[in-house]
Amino acid sequence: MRVTLAGDELEGFPPPEPAASVRLLLPTADGLVIPEWTGNVFVLPDGRRATIRTFTPRRFDPDRLELDLDIVLHGSGAASTWAEGARPGDEVAVSGPGRGYAIDPDAEAFHLLGDETAIPAISQLLEHLPEVPIRVDVEVAEPDVRLALGRDVDERRHVLPSGSAPGSTLVDALRDAELPAGVRIWAAGEAAAMQRLRRHCFEERGLPRTSATIRGYWKAGRAG
Ligand SMILES: Cc1cc2nc3c(=O)[nH]c(=O)nc-3n(C[C@H](O)[C@H](O)[C@H](O)COP(=O)(O)OP(=O)(O)OC[C@H]3O[C@@H](n4cnc5c(N)ncnc54)[C@H](O)[C@@H]3O)c2cc1C
């Protein structure tokens, strides 16, 4: 679900780097309440933790003051449920952007991997990566997910078999992949799968730490 945030408060929002992040503060049952930072967590006036989720700032338009987020509807979860029911005029708050991916200008190839939550970031990376060979592996839970990566690359799409751990097709894809010299890997998805990808890269393949950026974007069974 693409959600477009708009408002004069977006004036001066710094143009996000590719694969950056923003934090989305969701409304409470009483509407949008801006929390206080305790130095450790954001708390609401009633002492509860504020509901904040992280997303990729997919497109920012500084003239129209619009910020697009592409939010995966995964069936449960505060942000997914909010996005599904959001209507024009509903209020949320956003902070950021956080830092994105620093593209190595000396890279000789790129291999990007991710599940649906990483599609916005992968799409952005493809807008910025140099003209070198690029392979993209994307895992989707449903075969009819629309993919518009927007660039002609070696794109491989894997449908997660039902009952398999999220991210497992990405782990298999990287295991079977030939990695060209000078390749840089960027991956994001479910945290345990990303941990397996890290182990594969650094322990089994012996790649230097600087050659792979692998991020847990969500954790199975854990909210927020
Ligand atoms: C830097 C960064 C960028 C991100 N960019 C995006 C983005 O552009 N678009 C996007 O959709 N997400 C993105 N995410 C992931 C997103 O923050 C999480 O999926 C988040 O948990 C969604 O919040 P929720 O309130 O919907 O679910 P939560 O309340 O956090 O979780 C509820 C339950 O749903 C499960 N769950 C959470 N996400 C998924 C999922 N994708 N598929 C299946 N089950 C899930 C949890 O394990 C939990 O059991 C990004 C995360 C990071 C760190």
# chains A, B, ... in the order shown; residues from 1 in each chain; ligands from 1
call {"tool": "select_by_dssp", "arguments": {"residues": "region 78-168 of chain A", "states": "strand (DSSP E or B)", "output": "ChimeraX atom specification"}}
result
/A:93-98,109-114,134-140,154-159
call {"tool": "closest_atom_pairs", "arguments": {"of": "chain A", "to": "ligand 1", "cutoff": "6 Å", "atoms": "only C-alpha atoms and all ligand atoms", "output": "JSON lines"}}
result
{"residue": "A:Ser21", "atom": "CA", "partner": "ligand 1", "partner_atom_place_in_ligand_line": "1 (C)", "distance": 4.7}
{"residue": "A:Arg53", "atom": "CA", "partner": "ligand 1", "partner_atom_place_in_ligand_line": "17 (O)", "distance": 5.1}
{"residue": "A:Thr54", "atom": "CA", "partner": "ligand 1", "partner_atom_place_in_ligand_line": "17 (O)", "distance": 4.1}
{"residue": "A:Phe55", "atom": "CA", "partner": "ligand 1", "partner_atom_place_in_ligand_line": "5 (N)", "distance": 3.5}
{"residue": "A:Thr56", "atom": "CA", "partner": "ligand 1", "partner_atom_place_in_ligand_line": "8 (O)", "distance": 3.9}
{"residue": "A:Asp70", "atom": "CA", "partner": "ligand 1", "partner_atom_place_in_ligand_line": "9 (N)", "distance": 5.1}
{"residue": "A:Ile71", "atom": "CA", "partner": "ligand 1", "partner_atom_place_in_ligand_line": "11 (O)", "distance": 3.6}
{"residue": "A:Val72", "atom": "CA", "partner": "ligand 1", "partner_atom_place_in_ligand_line": "11 (O)", "distance": 3.7}
{"residue": "A:His74", "atom": "CA", "partner": "ligand 1", "partner_atom_place_in_ligand_line": "42 (N)", "distance": 4.9}
{"residue": "A:Ser76", "atom": "CA", "partner": "ligand 1", "partner_atom_place_in_ligand_line": "34 (O)", "distance": 5.4}
{"residue": "A:Gly77", "atom": "CA", "partner": "ligand 1", "partner_atom_place_in_ligand_line": "27 (O)", "distance": 3.5}
{"residue": "A:Ala78", "atom": "CA", "partner": "ligand 1", "partner_atom_place_in_ligand_line": "25 (O)", "distance": 3.6}
{"residue": "A:Ala79", "atom": "CA", "partner": "ligand 1", "partner_atom_place_in_ligand_line": "25 (O)", "distance": 3.7}
{"residue": "A:Ser80", "atom": "CA", "partner": "ligand 1", "partner_atom_place_in_ligand_line": "26 (O)", "distance": 3.8}
{"residue": "A:Thr117", "atom": "CA", "partner": "ligand 1", "partner_atom_place_in_ligand_line": "10 (C)", "distance": 4.0}
{"residue": "A:Pro120", "atom": "CA", "partner": "ligand 1", "partner_atom_place_in_ligand_line": "8 (O)", "distance": 5.2}
{"residue": "A:Tyr217", "atom": "CA", "partner": "ligand 1", "partner_atom_place_in_ligand_line": "51 (C)", "distance": 3.8}
{"residue": "A:Trp218", "atom": "CA", "partner": "ligand 1", "partner_atom_place_in_ligand_line": "18 (C)", "distance": 4.6}
{"residue": "A:Lys219", "atom": "CA", "partner": "ligand 1", "partner_atom_place_in_ligand_line": "47 (O)", "distance": 4.8}
{"residue": "A:Ala220", "atom": "CA", "partner": "ligand 1", "partner_atom_place_in_ligand_line": "47 (O)", "distance": 3.4}
{"residue": "A:Gly221", "atom": "CA", "partner": "ligand 1", "partner_atom_place_in_ligand_line": "49 (O)", "distance": 3.5}
{"residue": "A:Arg222", "atom": "CA", "partner": "ligand 1", "partner_atom_place_in_ligand_line": "48 (C)", "distance": 4.4}
{"residue": "A:Ala223", "atom": "CA", "partner": "ligand 1", "partner_atom_place_in_ligand_line": "31 (O)", "distance": 3.5}
{"residue": "A:Gly224", "atom": "CA", "partner": "ligand 1", "partner_atom_place_in_ligand_line": "30 (O)", "distance": 3.4}
call {"tool": "closest_residue", "arguments": {"among": "A:Pro45, A:Gly75, A:Gly150, A:Pro88", "to": "Glu127 (chain A)", "atoms": "only C-alpha atoms"}}
result
A:Gly150
call {"tool": "closest_residue", "arguments": {"among": "A:Arg135, A:Ala192, A:Phe110, A:Leu126", "to": "Ala212 (chain A)", "atoms": "only C-alpha atoms"}}
result
A:Phe110
call {"tool": "closest_residue", "arguments": {"among": "A:Leu5, A:Ala173, A:Val33, A:Ala107", "to": "Asp61 (chain A)", "atoms": "only C-alpha atoms"}}
result
A:Leu5
call {"tool": "atom_distance", "arguments": {"atom1": "CA of Val183 (chain A)", "atom2": "CA of Glu108 (chain A)"}}
result
5.6 Å
call {"tool": "atom_distance", "arguments": {"atom1": "CA of His128 (chain A)", "atom2": "CA of Phe13 (chain A)"}}
result
19.9 Å
call {"tool": "residues_around", "arguments": {"residues": "Val145 (chain A)", "least_positions_apart": "5", "cutoff": "12 Å", "atoms": "only C-alpha atoms", "output": "PyMOL selection string"}}
result
chain A and resi 1+72-73+115-117+119+138-140+157-160
call {"tool": "residues_around", "arguments": {"residues": "Ala181 (chain A)", "least_positions_apart": "6", "cutoff": "12 Å", "atoms": "only C-alpha atoms", "output": "ChimeraX atom specification"}}
result
/A:106-111,132-133,207,211
call {"tool": "write_last_selection", "arguments": {"atoms": "N, CA and C atoms", "output": "mmCIF file, in the first residue's frame"}}
result
data_model
loop_
_atom_site.group_PDB
_atom_site.id
_atom_site.type_symbol
_atom_site.label_atom_id
_atom_site.label_comp_id
_atom_site.auth_asym_id
_atom_site.auth_seq_id
_atom_site.Cartn_x
_atom_site.Cartn_y
_atom_site.Cartn_z
ATOM 1 N N ASP A 106 33.842 2.162 -6.284
ATOM 2 C CA ASP A 106 34.780 1.209 -6.886
ATOM 3 C C ASP A 106 34.178 -0.187 -7.045
ATOM 4 N N ALA A 107 32.937 -0.363 -6.622
ATOM 5 C CA ALA A 107 32.328 -1.705 -6.736
ATOM 6 C C ALA A 107 32.267 -2.112 -8.204
ATOM 7 N N GLU A 108 32.524 -3.418 -8.450
ATOM 8 C CA GLU A 108 32.513 -3.889 -9.844
ATOM 9 C C GLU A 108 31.212 -4.585 -10.183
ATOM 10 N N ALA A 109 30.401 -4.890 -9.181
ATOM 11 C CA ALA A 109 29.094 -5.520 -9.386
ATOM 12 C C ALA A 109 28.317 -5.387 -8.077
ATOM 13 N N PHE A 110 27.000 -5.523 -8.175
ATOM 14 C CA PHE A 110 26.168 -5.498 -6.964
ATOM 15 C C PHE A 110 25.231 -6.696 -6.974
ATOM 16 N N HIS A 111 24.993 -7.228 -5.777
ATOM 17 C CA HIS A 111 23.983 -8.270 -5.608
ATOM 18 C C HIS A 111 23.043 -7.810 -4.492
ATOM 19 N N VAL A 132 27.125 -1.165 -13.635
ATOM 20 C CA VAL A 132 27.924 -2.380 -13.481
ATOM 21 C C VAL A 132 26.912 -3.529 -13.426
ATOM 22 N N PRO A 133 27.358 -4.793 -13.572
ATOM 23 C CA PRO A 133 26.389 -5.885 -13.490
ATOM 24 C C PRO A 133 25.667 -5.904 -12.133
ATOM 25 N N LEU A 207 34.047 -13.411 2.931
ATOM 26 C CA LEU A 207 34.071 -12.070 2.323
ATOM 27 C C LEU A 207 34.492 -11.033 3.354
ATOM 28 N N SER A 211 32.282 -5.651 2.391
ATOM 29 C CA SER A 211 31.688 -5.920 1.080
ATOM 30 C C SER A 211 30.188 -6.218 1.176
#
call {"tool": "residues_around", "arguments": {"residues": "Gly89 (chain A)", "least_positions_apart": "5", "cutoff": "12 Å", "atoms": "only C-alpha atoms", "output": "PyMOL selection string"}}
result
chain A and resi 3-7
call {"tool": "write_last_selection", "arguments": {"atoms": "N, CA and C atoms", "output": "PDB file, in the first residue's frame"}}
result
ATOM      1  N   VAL A   3       1.409   4.952   0.730  1.00  0.00           N
ATOM      2  CA  VAL A   3       0.802   6.000   1.532  1.00  0.00           C
ATOM      3  C   VAL A   3       1.581   7.280   1.258  1.00  0.00           C
ATOM      4  N   THR A   4       0.884   8.345   0.895  1.00  0.00           N
ATOM      5  CA  THR A   4       1.553   9.621   0.660  1.00  0.00           C
ATOM      6  C   THR A   4       1.287  10.541   1.840  1.00  0.00           C
ATOM      7  N   LEU A   5       2.361  10.922   2.526  1.00  0.00           N
ATOM      8  CA  LEU A   5       2.251  11.874   3.625  1.00  0.00           C
ATOM      9  C   LEU A   5       2.461  13.267   3.048  1.00  0.00           C
ATOM     10  N   ALA A   6       1.728  14.224   3.553  1.00  0.00           N
ATOM     11  CA  ALA A   6       1.876  15.589   3.055  1.00  0.00           C
ATOM     12  C   ALA A   6       1.665  16.556   4.202  1.00  0.00           C
ATOM     13  N   GLY A   7       2.286  17.725   4.073  1.00  0.00           N
ATOM     14  CA  GLY A   7       2.083  18.732   5.109  1.00  0.00           C
ATOM     15  C   GLY A   7       3.206  19.741   5.073  1.00  0.00           C
TER      16      GLY A   7
END
